[in-house]
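Asker: Here you go, data.cif (mmCIF, C-alpha atoms):
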data_upload
#
loop_
_atom_site.label_atom_id
_atom_site.label_comp_id
_atom_site.auth_asym_id
_atom_site.auth_seq_id
_atom_site.Cartn_x
_atom_site.Cartn_y
_atom_site.Cartn_z
CA MET A 7 -25.00 162.82 -11.38
CA ALA A 8 -26.87 162.42 -8.12
CA ASP A 9 -30.17 160.56 -8.06
CA SER A 10 -31.41 162.55 -5.10
CA THR A 11 -30.35 165.70 -3.24
CA LEU A 12 -30.54 166.50 0.46
CA ASP A 13 -30.33 170.05 1.73
CA ALA A 14 -28.91 169.80 5.25
CA LYS A 15 -27.70 173.38 5.38
CA GLY A 16 -28.22 175.04 8.76
CA LEU A 17 -28.69 171.69 10.51
CA ASN A 18 -26.40 170.62 13.32
CA CYS A 19 -25.18 167.24 14.57
CA PRO A 20 -26.67 164.65 14.36
CA LEU A 21 -29.39 165.90 11.97
CA PRO A 22 -27.37 165.83 8.69
CA ILE A 23 -26.50 162.16 9.32
CA LEU A 24 -30.04 161.23 10.35
CA ARG A 25 -31.56 162.97 7.31
CA ALA A 26 -28.98 161.36 5.03
CA LYS A 27 -29.79 157.93 6.42
CA LYS A 28 -33.48 158.54 5.75
CA ALA A 29 -32.81 159.80 2.22
CA LEU A 30 -30.60 156.79 1.43
CA LYS A 31 -33.46 154.47 2.40
CA GLU A 32 -35.44 155.81 -0.55
CA LEU A 33 -32.66 154.96 -3.01
CA ALA A 34 -31.76 151.70 -4.71
CA PRO A 35 -28.28 150.19 -4.31
CA GLY A 36 -25.82 151.95 -6.61
CA GLN A 37 -27.78 155.20 -6.64
CA VAL A 38 -26.11 158.39 -5.43
CA LEU A 39 -27.30 160.87 -2.81
CA ALA A 40 -25.92 164.42 -2.93
CA ILE A 41 -25.83 166.34 0.36
CA GLU A 42 -25.21 169.99 1.10
CA ALA A 43 -24.38 170.88 4.71
CA THR A 44 -22.94 173.74 6.72
CA ASP A 45 -21.96 171.81 9.85
CA PRO A 46 -18.12 171.68 9.83
CA GLY A 47 -18.30 168.48 11.90
CA SER A 48 -20.12 166.79 9.03
CA ALA A 49 -16.84 166.34 7.13
CA LYS A 50 -15.55 163.72 9.56
CA ASP A 51 -19.03 162.45 10.37
CA PHE A 52 -19.92 161.52 6.79
CA GLU A 53 -16.59 159.71 6.42
CA SER A 54 -17.33 157.73 9.59
CA PHE A 55 -20.93 157.16 8.58
CA CYS A 56 -19.86 155.67 5.25
CA SER A 57 -17.06 153.53 6.68
CA GLN A 58 -19.47 152.04 9.21
CA THR A 59 -22.48 151.53 6.97
CA GLY A 60 -20.65 150.25 3.89
CA ASN A 61 -21.87 153.08 1.68
CA THR A 62 -19.26 154.85 -0.44
CA LEU A 63 -18.32 158.48 -0.03
CA VAL A 64 -17.74 159.29 -3.68
CA LYS A 65 -17.13 162.97 -3.26
CA ALA A 66 -16.46 165.41 -0.42
CA SER A 67 -15.67 169.06 -0.95
CA GLU A 68 -16.13 172.46 0.66
CA ALA A 69 -16.65 175.90 -0.83
CA GLY A 70 -17.58 179.08 1.01
CA GLY A 71 -18.63 177.26 4.17
CA VAL A 72 -20.89 174.82 2.32
CA TYR A 73 -19.88 171.18 2.42
CA TYR A 74 -20.85 168.97 -0.48
CA TYR A 75 -20.96 165.18 -0.36
CA GLU A 76 -21.97 162.41 -2.68
CA ILE A 77 -22.74 159.01 -1.20
CA ARG A 78 -23.29 155.90 -3.28
CA LYS A 79 -25.66 153.46 -1.61
CA SER A 80 -24.21 150.00 -1.12
CA MET B 26 -21.77 141.54 9.31
CA SER B 27 -23.92 140.93 12.38
CA GLN B 28 -25.82 143.89 13.75
CA LYS B 29 -23.99 145.83 16.43
CA LYS B 30 -25.78 146.69 19.64
CA LEU B 31 -25.72 149.77 21.86
CA ALA B 32 -27.19 149.91 25.36
CA ILE B 33 -27.57 153.22 27.20
CA ILE B 34 -28.60 153.94 30.78
CA ALA B 35 -30.07 157.46 30.88
CA THR B 36 -30.36 158.85 34.39
CA LYS B 37 -30.72 162.60 33.94
CA GLY B 38 -33.78 164.73 33.31
CA THR B 39 -32.58 168.23 32.52
CA LEU B 40 -32.88 169.73 29.05
CA ASP B 41 -29.12 169.60 28.47
CA PHE B 42 -28.70 166.04 29.68
CA ALA B 43 -31.66 164.77 27.67
CA TYR B 44 -29.52 165.33 24.57
CA PRO B 45 -26.62 162.88 24.89
CA PRO B 46 -28.69 159.67 25.10
CA LEU B 47 -30.98 160.74 22.26
CA ILE B 48 -28.21 162.03 19.99
CA LEU B 49 -26.18 158.86 20.48
CA ALA B 50 -29.20 156.58 20.14
CA THR B 51 -30.46 158.15 16.91
CA THR B 52 -26.96 158.28 15.41
CA ALA B 53 -26.24 154.67 16.34
CA ALA B 54 -29.57 153.66 14.79
CA ALA B 55 -28.51 155.49 11.61
CA LEU B 56 -25.31 153.42 11.72
CA ASP B 57 -27.52 150.31 11.81
CA TYR B 58 -27.01 149.54 15.49
CA GLU B 59 -29.77 147.93 17.47
CA VAL B 60 -30.25 150.44 20.29
CA THR B 61 -31.82 150.14 23.73
CA ILE B 62 -32.17 152.97 26.23
CA PHE B 63 -32.89 152.15 29.86
CA TRP B 64 -34.51 155.26 31.38
CA THR B 65 -34.11 155.44 35.12
CA PHE B 66 -34.38 158.03 37.89
CA TYR B 67 -34.63 161.57 36.45
CA GLY B 68 -34.22 160.15 32.96
CA LEU B 69 -37.89 159.18 33.17
CA GLN B 70 -38.75 162.88 32.76
CA VAL B 71 -37.52 162.63 29.16
CA VAL B 72 -40.00 159.85 28.30
CA LYS B 73 -43.03 161.70 29.68
CA LYS B 74 -45.74 162.29 27.07
CA ASN B 75 -45.40 166.04 27.57
CA PRO B 76 -41.91 166.56 28.92
CA ASP B 77 -41.20 169.93 30.49
CA LEU B 78 -37.43 169.80 30.63
CA LYS B 79 -35.51 172.71 32.04
CA ILE B 80 -31.94 173.86 32.31
CA SER B 81 -30.53 175.73 35.26
CA PRO B 82 -27.36 177.79 35.49
CA LEU B 83 -27.45 177.11 39.24
CA GLY B 84 -24.69 174.81 40.35
CA ASN B 85 -23.38 174.72 36.81
CA PRO B 86 -20.47 177.14 36.57
CA ALA B 87 -19.56 175.71 33.14
CA MET B 88 -22.74 176.99 31.52
CA PRO B 89 -21.86 179.86 29.17
CA MET B 90 -23.94 182.92 30.06
CA PRO B 91 -24.55 185.95 27.81
CA VAL B 92 -23.64 188.17 30.77
CA PRO B 93 -21.78 187.12 33.92
CA MET B 94 -24.41 186.35 36.55
CA PRO B 95 -23.73 186.05 40.27
CA VAL B 96 -25.09 182.90 41.90
CA LEU B 97 -27.40 184.96 44.11
CA VAL B 98 -29.08 186.31 40.98
CA GLN B 99 -29.42 182.81 39.51
CA VAL B 100 -31.64 181.75 42.42
CA LEU B 101 -34.26 184.43 41.70
CA PRO B 102 -37.71 183.22 40.66
CA GLY B 103 -38.04 182.90 36.90
CA MET B 104 -34.31 182.53 36.24
CA GLU B 105 -34.65 178.84 35.42
CA SER B 106 -37.47 179.47 32.94
CA MET B 107 -35.49 182.31 31.40
CA ALA B 108 -32.36 180.17 31.04
CA THR B 109 -34.48 177.40 29.49
CA ILE B 110 -36.13 179.73 26.98
CA MET B 111 -32.78 181.27 26.04
CA MET B 112 -31.17 177.85 25.60
CA LYS B 113 -34.04 176.62 23.42
CA GLN B 114 -33.81 179.75 21.26
CA LYS B 115 -30.08 179.35 20.91
CA MET B 116 -30.44 175.70 19.94
CA ALA B 117 -33.11 176.46 17.34
CA GLY B 118 -30.90 179.23 15.94
CA LYS B 119 -27.96 176.86 15.60
CA GLY B 120 -29.97 174.14 13.88
CA VAL B 121 -29.80 171.81 16.88
CA ALA B 122 -32.74 169.39 16.95
CA SER B 123 -35.32 169.72 19.70
CA ILE B 124 -35.70 166.90 22.22
CA GLY B 125 -39.14 166.22 20.73
CA GLU B 126 -37.66 165.80 17.24
CA LEU B 127 -34.89 163.51 18.47
CA MET B 128 -37.36 161.43 20.45
CA SER B 129 -39.62 160.98 17.40
CA MET B 130 -36.62 160.03 15.29
CA ALA B 131 -35.45 157.55 17.92
CA LEU B 132 -38.88 155.91 18.04
CA GLU B 133 -39.14 155.96 14.24
CA SER B 134 -35.82 154.15 13.97
CA ASP B 135 -36.96 151.46 16.39
CA VAL B 136 -34.81 152.44 19.36
CA LYS B 137 -36.04 150.18 22.15
CA MET B 138 -36.92 151.93 25.37
CA ILE B 139 -37.16 150.43 28.80
CA ALA B 140 -38.45 152.40 31.78
CA CYS B 141 -37.23 151.50 35.25
CA GLN B 142 -40.35 150.29 37.05
CA MET B 143 -38.79 150.92 40.47
CA THR B 144 -38.32 154.63 39.71
CA VAL B 145 -41.80 154.83 38.19
CA ASP B 146 -43.10 153.62 41.57
CA LEU B 147 -40.72 155.83 43.53
CA PHE B 148 -41.85 159.00 41.75
CA ASP B 149 -45.52 157.93 41.62
CA PHE B 150 -45.56 158.19 37.84
CA LYS B 151 -48.43 156.51 35.99
CA HIS B 152 -47.73 154.47 32.87
CA GLU B 153 -50.29 156.69 31.09
CA GLU B 154 -48.07 159.75 31.71
CA LEU B 155 -45.19 158.14 29.85
CA ILE B 156 -44.90 157.63 26.09
CA ASP B 157 -46.42 154.52 24.54
CA GLY B 158 -44.26 151.58 23.61
CA LEU B 159 -42.11 151.59 26.74
CA GLU B 160 -41.20 148.29 28.32
CA TYR B 161 -41.29 148.33 32.13
CA ALA B 162 -38.56 146.34 33.83
CA GLY B 163 -35.71 146.38 36.30
CA ALA B 164 -31.95 146.00 36.58
CA ALA B 165 -31.94 142.32 35.65
CA ARG B 166 -33.56 143.16 32.30
CA PHE B 167 -30.89 145.79 31.68
CA PHE B 168 -28.14 143.21 32.17
CA GLU B 169 -29.84 140.91 29.69
CA VAL B 170 -29.56 143.74 27.14
CA ALA B 171 -26.09 144.89 28.25
CA GLN B 172 -24.38 141.49 28.19
CA ASP B 173 -25.27 141.24 24.53
CA ALA B 174 -24.26 144.82 23.63
CA ASP B 175 -21.05 145.94 21.91
CA ILE B 176 -21.19 149.33 23.62
CA VAL B 177 -22.73 150.22 26.99
CA LEU B 178 -23.00 153.82 28.14
CA PHE B 179 -24.07 155.30 31.45
CA ILE B 180 -25.31 158.87 31.07
#
Please rewrite the model in this file as C-alpha coordinates.
Answerer:
Amino acid sequence: MADSTLDAKGLNCPLPILRAKKALKELAPGQVLAIEATDPGSAKDFESFCSQTGNTLVKASEAGGVYYYEIRKS
Amino acid sequence: MSQKKLAIIATKGTLDFAYPPLILATTAAALDYEVTIFWTFYGLQVVKKNPDLKISPLGNPAMPMPVPMPVLVQVLPGMESMATIMMKQKMAGKGVASIGELMSMALESDVKMIACQMTVDLFDFKHEELIDGLEYAGAARFFEVAQDADIVLFI
(Lines of atoms letter the chains of each structure in order from A and count residues from 1; the text may use other names and numbers.)
(Lines give C-alpha, C1' and ligand atoms only; values in the text may rest on other atoms or scores of the structure.)
Protein backbone atom coordinates (compact mmCIF):
# COMPACT_ATOMS: atom_id res chain seq x y z
CA MET A 1 0.00 0.00 0.00
CA ALA A 2 1.17 3.49 -0.84
CA ASP A 3 1.94 5.94 1.94
CA SER A 4 1.07 8.91 -0.24
CA THR A 5 -0.65 9.48 -3.58
CA LEU A 6 0.10 12.04 -6.28
CA ASP A 7 -2.44 12.91 -8.94
CA ALA A 8 -0.41 14.06 -11.94
CA LYS A 9 -3.17 13.43 -14.47
CA GLY A 10 -3.39 16.10 -17.17
CA LEU A 11 0.12 17.36 -16.42
CA ASN A 12 2.80 17.35 -19.08
CA CYS A 13 6.59 17.00 -18.98
CA PRO A 14 8.38 17.86 -16.73
CA LEU A 15 5.59 18.48 -14.18
CA PRO A 16 4.86 14.84 -13.18
CA ILE A 17 8.56 14.35 -12.33
CA LEU A 18 8.84 17.66 -10.50
CA ARG A 19 5.68 16.99 -8.46
CA ALA A 20 6.85 13.45 -7.69
CA LYS A 21 10.20 14.76 -6.48
CA LYS A 22 8.41 17.19 -4.18
CA ALA A 23 6.06 14.50 -2.87
CA LEU A 24 8.96 12.11 -2.21
CA LYS A 25 10.62 14.78 -0.05
CA GLU A 26 7.72 14.49 2.40
CA LEU A 27 8.21 10.74 2.78
CA ALA A 28 10.62 8.76 4.94
CA PRO A 29 13.03 6.26 3.38
CA GLY A 30 11.21 3.01 2.60
CA GLN A 31 7.84 4.69 2.19
CA VAL A 32 5.98 4.38 -1.11
CA LEU A 33 4.56 7.12 -3.32
CA ALA A 34 1.78 6.21 -5.75
CA ILE A 35 1.45 8.35 -8.88
CA GLU A 36 -1.27 8.58 -11.49
CA ALA A 37 -0.37 10.30 -14.76
CA THR A 38 -1.67 10.67 -18.29
CA ASP A 39 1.55 11.79 -19.98
CA PRO A 40 2.68 8.83 -22.15
CA GLY A 41 6.27 10.10 -21.86
CA SER A 42 6.10 9.56 -18.10
CA ALA A 43 6.60 5.80 -18.56
CA LYS A 44 10.22 6.20 -19.64
CA ASP A 45 10.73 9.31 -17.52
CA PHE A 46 9.86 7.65 -14.22
CA GLU A 47 12.18 4.74 -15.05
CA SER A 48 14.99 7.22 -15.73
CA PHE A 49 14.12 9.29 -12.69
CA CYS A 50 14.36 6.25 -10.43
CA SER A 51 17.56 4.89 -11.97
CA GLN A 52 19.24 8.27 -11.50
CA THR A 53 17.97 9.11 -8.03
CA GLY A 54 18.34 5.66 -6.47
CA ASN A 55 14.65 5.35 -5.67
CA THR A 56 12.93 2.10 -6.66
CA LEU A 57 10.18 1.87 -9.23
CA VAL A 58 8.15 -0.86 -7.57
CA LYS A 59 5.26 -0.83 -9.98
CA ALA A 60 4.46 0.63 -13.40
CA SER A 61 1.26 -0.10 -15.27
CA GLU A 62 -1.18 1.50 -17.69
CA ALA A 63 -4.93 1.15 -18.07
CA GLY A 64 -7.21 3.23 -20.26
CA GLY A 65 -4.62 5.95 -20.84
CA VAL A 66 -3.84 6.35 -17.13
CA TYR A 67 -0.35 5.41 -16.03
CA TYR A 68 0.15 4.17 -12.50
CA TYR A 69 3.48 4.09 -10.70
CA GLU A 70 4.69 3.21 -7.26
CA ILE A 71 8.06 4.54 -6.14
CA ARG A 72 9.79 3.44 -2.96
CA LYS A 73 11.96 6.18 -1.50
CA SER A 74 15.58 5.16 -0.99
CA MET B 1 27.85 9.45 -5.16
CA SER B 2 29.05 13.02 -5.62
CA GLN B 3 26.50 15.53 -6.83
CA LYS B 4 26.38 15.97 -10.59
CA LYS B 5 26.45 19.44 -12.06
CA LEU B 6 24.67 21.00 -15.03
CA ALA B 7 25.57 24.38 -16.52
CA ILE B 8 23.33 26.05 -19.09
CA ILE B 9 23.87 29.17 -21.17
CA ALA B 10 20.44 30.58 -22.08
CA THR B 11 20.56 33.13 -24.88
CA LYS B 12 17.01 33.35 -26.17
CA GLY B 13 14.07 35.42 -25.00
CA THR B 14 11.01 34.21 -26.88
CA LEU B 15 8.22 32.32 -25.16
CA ASP B 16 9.10 29.05 -26.91
CA PHE B 17 12.82 29.29 -26.23
CA ALA B 18 12.32 30.19 -22.57
CA TYR B 19 11.15 26.61 -22.06
CA PRO B 20 14.20 24.43 -22.79
CA PRO B 21 16.54 25.96 -20.17
CA LEU B 22 13.84 25.97 -17.49
CA ILE B 23 12.53 22.46 -18.25
CA LEU B 24 16.04 21.03 -18.23
CA ALA B 25 17.10 22.99 -15.15
CA THR B 26 14.08 21.98 -13.05
CA THR B 27 14.30 18.35 -14.18
CA ALA B 28 18.01 18.17 -13.47
CA ALA B 29 17.38 19.68 -10.03
CA ALA B 30 14.78 16.94 -9.45
CA LEU B 31 17.49 14.43 -10.39
CA ASP B 32 19.66 15.99 -7.66
CA TYR B 33 21.95 17.91 -9.99
CA GLU B 34 23.42 21.19 -8.90
CA VAL B 35 22.24 23.51 -11.68
CA THR B 36 23.47 26.90 -12.86
CA ILE B 37 21.92 28.94 -15.65
CA PHE B 38 23.91 31.76 -17.21
CA TRP B 39 21.38 34.17 -18.75
CA THR B 40 22.84 36.26 -21.52
CA PHE B 41 21.62 38.40 -24.41
CA TYR B 42 17.88 37.89 -25.03
CA GLY B 43 17.82 35.25 -22.31
CA LEU B 44 17.77 38.14 -19.84
CA GLN B 45 14.14 38.77 -20.84
CA VAL B 46 13.23 35.51 -19.09
CA VAL B 47 14.64 36.69 -15.75
CA LYS B 48 12.77 40.00 -15.77
CA LYS B 49 10.48 40.44 -12.76
CA ASN B 50 7.49 40.74 -15.09
CA PRO B 51 8.52 38.96 -18.26
CA ASP B 52 6.40 39.62 -21.32
CA LEU B 53 7.58 36.82 -23.56
CA LYS B 54 6.11 36.42 -27.01
CA ILE B 55 6.17 33.94 -29.82
CA SER B 56 6.11 34.86 -33.47
CA PRO B 57 5.25 32.70 -36.46
CA LEU B 58 7.34 35.13 -38.54
CA GLY B 59 10.55 33.58 -39.77
CA ASN B 60 9.54 30.31 -38.17
CA PRO B 61 8.11 28.07 -40.87
CA ALA B 62 8.21 25.10 -38.48
CA MET B 63 5.58 26.57 -36.18
CA PRO B 64 2.36 24.58 -36.54
CA MET B 65 -0.52 26.92 -37.38
CA PRO B 66 -4.24 26.14 -37.01
CA VAL B 67 -4.74 27.46 -40.54
CA PRO B 68 -2.04 28.00 -43.18
CA MET B 69 -1.01 31.65 -43.00
CA PRO B 70 0.94 33.48 -45.68
CA VAL B 71 4.00 35.37 -44.44
CA LEU B 72 2.46 38.68 -45.52
CA VAL B 73 -0.43 38.05 -43.14
CA GLN B 74 1.94 37.16 -40.31
CA VAL B 75 3.45 40.66 -40.40
CA LEU B 76 0.11 42.37 -39.69
CA PRO B 77 -0.17 44.27 -36.41
CA GLY B 78 -1.50 42.10 -33.61
CA MET B 79 -0.45 38.80 -35.18
CA GLU B 80 2.36 38.30 -32.66
CA SER B 81 0.04 38.91 -29.70
CA MET B 82 -2.53 36.59 -31.22
CA ALA B 83 0.03 33.83 -31.78
CA THR B 84 1.26 34.30 -28.20
CA ILE B 85 -2.24 34.10 -26.71
CA MET B 86 -3.06 31.02 -28.80
CA MET B 87 0.18 29.30 -27.80
CA LYS B 88 -0.39 30.02 -24.10
CA GLN B 89 -3.95 28.66 -24.34
CA LYS B 90 -2.74 25.56 -26.10
CA MET B 91 -0.04 24.99 -23.50
CA ALA B 92 -2.47 25.41 -20.60
CA GLY B 93 -4.87 23.00 -22.31
CA LYS B 94 -2.15 20.38 -22.66
CA GLY B 95 -1.00 20.65 -19.06
CA VAL B 96 2.30 22.30 -19.99
CA ALA B 97 3.65 24.45 -17.16
CA SER B 98 3.79 28.20 -17.61
CA ILE B 99 7.17 29.93 -17.68
CA GLY B 100 6.25 31.58 -14.37
CA GLU B 101 5.60 28.18 -12.75
CA LEU B 102 8.83 26.71 -14.07
CA MET B 103 10.80 29.74 -12.92
CA SER B 104 9.34 29.49 -9.38
CA MET B 105 10.12 25.78 -9.30
CA ALA B 106 13.67 26.42 -10.51
CA LEU B 107 14.24 29.02 -7.79
CA GLU B 108 12.58 26.79 -5.19
CA SER B 109 14.94 23.97 -6.08
CA ASP B 110 17.97 26.22 -5.70
CA VAL B 111 18.90 26.54 -9.37
CA LYS B 112 21.67 29.12 -9.38
CA MET B 113 21.21 31.96 -11.82
CA ILE B 114 23.85 34.26 -13.19
CA ALA B 115 22.98 37.27 -15.34
CA CYS B 116 25.50 38.50 -17.88
CA GLN B 117 26.45 41.97 -16.66
CA MET B 118 27.70 42.99 -20.10
CA THR B 119 24.28 42.37 -21.67
CA VAL B 120 22.55 44.08 -18.74
CA ASP B 121 24.63 47.16 -19.60
CA LEU B 122 24.13 46.73 -23.34
CA PHE B 123 20.34 46.65 -23.05
CA ASP B 124 20.24 49.32 -20.30
CA PHE B 125 18.47 46.95 -17.93
CA LYS B 126 18.42 47.86 -14.24
CA HIS B 127 19.13 45.20 -11.63
CA GLU B 128 15.78 46.16 -10.04
CA GLU B 129 13.95 45.04 -13.21
CA LEU B 130 15.38 41.55 -12.90
CA ILE B 131 14.38 38.90 -10.37
CA ASP B 132 16.06 38.87 -6.97
CA GLY B 133 18.83 36.44 -6.21
CA LEU B 134 20.67 36.79 -9.52
CA GLU B 135 24.44 36.90 -9.49
CA TYR B 136 25.92 39.41 -11.95
CA ALA B 137 29.08 38.29 -13.69
CA GLY B 138 30.81 37.68 -16.99
CA ALA B 139 32.26 34.96 -19.19
CA ALA B 140 35.11 34.13 -16.81
CA ARG B 141 32.58 33.29 -14.09
CA PHE B 142 30.75 31.00 -16.51
CA PHE B 143 33.94 29.05 -17.18
CA GLU B 144 34.49 28.62 -13.47
CA VAL B 145 31.05 26.96 -13.33
CA ALA B 146 31.43 25.08 -16.63
CA GLN B 147 34.84 23.51 -15.96
CA ASP B 148 33.34 21.84 -12.92
CA ALA B 149 30.11 20.72 -14.65
CA ASP B 150 29.29 17.23 -15.94
CA ILE B 151 26.99 18.64 -18.61
CA VAL B 152 27.16 22.02 -20.34
CA LEU B 153 24.40 23.19 -22.67
CA PHE B 154 24.16 26.21 -24.92
CA ILE B 155 20.55 27.14 -25.66
Asker: Restricting the calculation to all atoms listed in the file: of A:Ala49, A:Ala29, A:Val38, A:Ala43, which residue gets closest to Ser80 (chain A)?
Answerer: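 Ranking A:Ala49, A:Ala29, A:Val38, A:Ala43 by distance to Ser80 (chain A), first place goes to A:Val38.
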Asker: Counting all atoms listed in the file, figure out which residue out of B:Asp149, B:Glu169, B:Asp57, B:Glu160 gets nearest to Asn61 (chain A).
Answerer: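 Once distances to Asn61 (chain A) are computed over all atoms listed in the file, the minimum belongs to B:Asp57.
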Asker: Using 7 Å as the limit and counting only C-alpha atoms, can you tabulate each residue of chain B that touches chain A, with its shortest atom-to-atom distance in Å and the two atoms involved, as JSON lines?
Answerer:
{"residue": "B:Ile48", "atom": "CA", "partner": "A:Pro20", "partner_atom": "CA", "distance": 6.4}
{"residue": "B:Thr52", "atom": "CA", "partner": "A:Pro20", "partner_atom": "CA", "distance": 6.5}
{"residue": "B:Ala55", "atom": "CA", "partner": "A:Lys27", "partner_atom": "CA", "distance": 5.9}
{"residue": "B:Leu56", "atom": "CA", "partner": "A:Thr59", "partner_atom": "CA", "distance": 5.8}
{"residue": "B:Lys119", "atom": "CA", "partner": "A:Asn18", "partner_atom": "CA", "distance": 6.8}
{"residue": "B:Gly120", "atom": "CA", "partner": "A:Leu17", "partner_atom": "CA", "distance": 4.4}
{"residue": "B:Val121", "atom": "CA", "partner": "A:Asn18", "partner_atom": "CA", "distance": 5.1}
{"residue": "B:Ala122", "atom": "CA", "partner": "A:Leu21", "partner_atom": "CA", "distance": 6.9}
Asker: How would you write as an mmCIF file with C-alpha atoms, keeping the file's coordinate frame the residues that get within 7 Å of (-18.2, 158.2, 0.8) in the file's frame, counting all atoms listed in the file?
Answerer:
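And here's selection_14.cif as it stands now:
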data_model
loop_
_atom_site.group_PDB
_atom_site.id
_atom_site.type_symbol
_atom_site.label_atom_id
_atom_site.label_comp_id
_atom_site.auth_asym_id
_atom_site.auth_seq_id
_atom_site.Cartn_x
_atom_site.Cartn_y
_atom_site.Cartn_z
ATOM 1 C CA GLU A 53 -16.590 159.710 6.420
ATOM 2 C CA CYS A 56 -19.860 155.670 5.250
ATOM 3 C CA ASN A 61 -21.870 153.080 1.680
ATOM 4 C CA THR A 62 -19.260 154.850 -0.440
ATOM 5 C CA LEU A 63 -18.320 158.480 -0.030
ATOM 6 C CA VAL A 64 -17.740 159.290 -3.680
ATOM 7 C CA LYS A 65 -17.130 162.970 -3.260
ATOM 8 C CA GLU A 76 -21.970 162.410 -2.680
ATOM 9 C CA ILE A 77 -22.740 159.010 -1.200
ATOM 10 C CA ARG A 78 -23.290 155.900 -3.280
#
Asker: Between CA of Met112 (chain B) and CA of Phe66 (chain B), what is the distance, to one decimal in Å?
Answerer: 23.5 Å
Asker: Would you mind reading off the distance between CA of Asn75 (chain B) and CA of Tyr161 (chain B), one decimal, in Å?
Answerer: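 So the answer is 18.7 Å.
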Asker: Residues picked by the PyMOL selection byres ((chain A and resi 10) around 9) here, as a PDB file with C-alpha atoms, in the frame of the given file?
Answerer:
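Once everything was written out, this is expr_34.pdb:
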ATOM      1  CA  MET A   7     -25.000 162.820 -11.380  1.00  0.00           C
ATOM      2  CA  ALA A   8     -26.870 162.420  -8.120  1.00  0.00           C
ATOM      3  CA  ASP A   9     -30.170 160.560  -8.060  1.00  0.00           C
ATOM      4  CA  THR A  11     -30.350 165.700  -3.240  1.00  0.00           C
ATOM      5  CA  LEU A  12     -30.540 166.500   0.460  1.00  0.00           C
ATOM      6  CA  ALA A  29     -32.810 159.800   2.220  1.00  0.00           C
ATOM      7  CA  LEU A  30     -30.600 156.790   1.430  1.00  0.00           C
ATOM      8  CA  LEU A  33     -32.660 154.960  -3.010  1.00  0.00           C
ATOM      9  CA  GLN A  37     -27.780 155.200  -6.640  1.00  0.00           C
ATOM     10  CA  VAL A  38     -26.110 158.390  -5.430  1.00  0.00           C
ATOM     11  CA  LEU A  39     -27.300 160.870  -2.810  1.00  0.00           C
ATOM     12  CA  ALA A  40     -25.920 164.420  -2.930  1.00  0.00           C
ATOM     13  CA  ILE A  41     -25.830 166.340   0.360  1.00  0.00           C
TER      14      ILE A  41
END
Asker: Just the number, please: distance in Å from CA of Ala164 (chain B) to CA of Asp146 (chain B), one decimal.
Answerer: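 For CA of Ala164 (chain B) relative to CA of Asp146 (chain B), the distance reads 14.4 Å.
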Asker: Env of Tyr67 (chain B): 6 Å cut, atoms = all atoms listed in the file, seq-sep filter 6 positions within chain, self excluded. Answer as a PyMOL selection string.
Answerer: chain B and resi 36-38
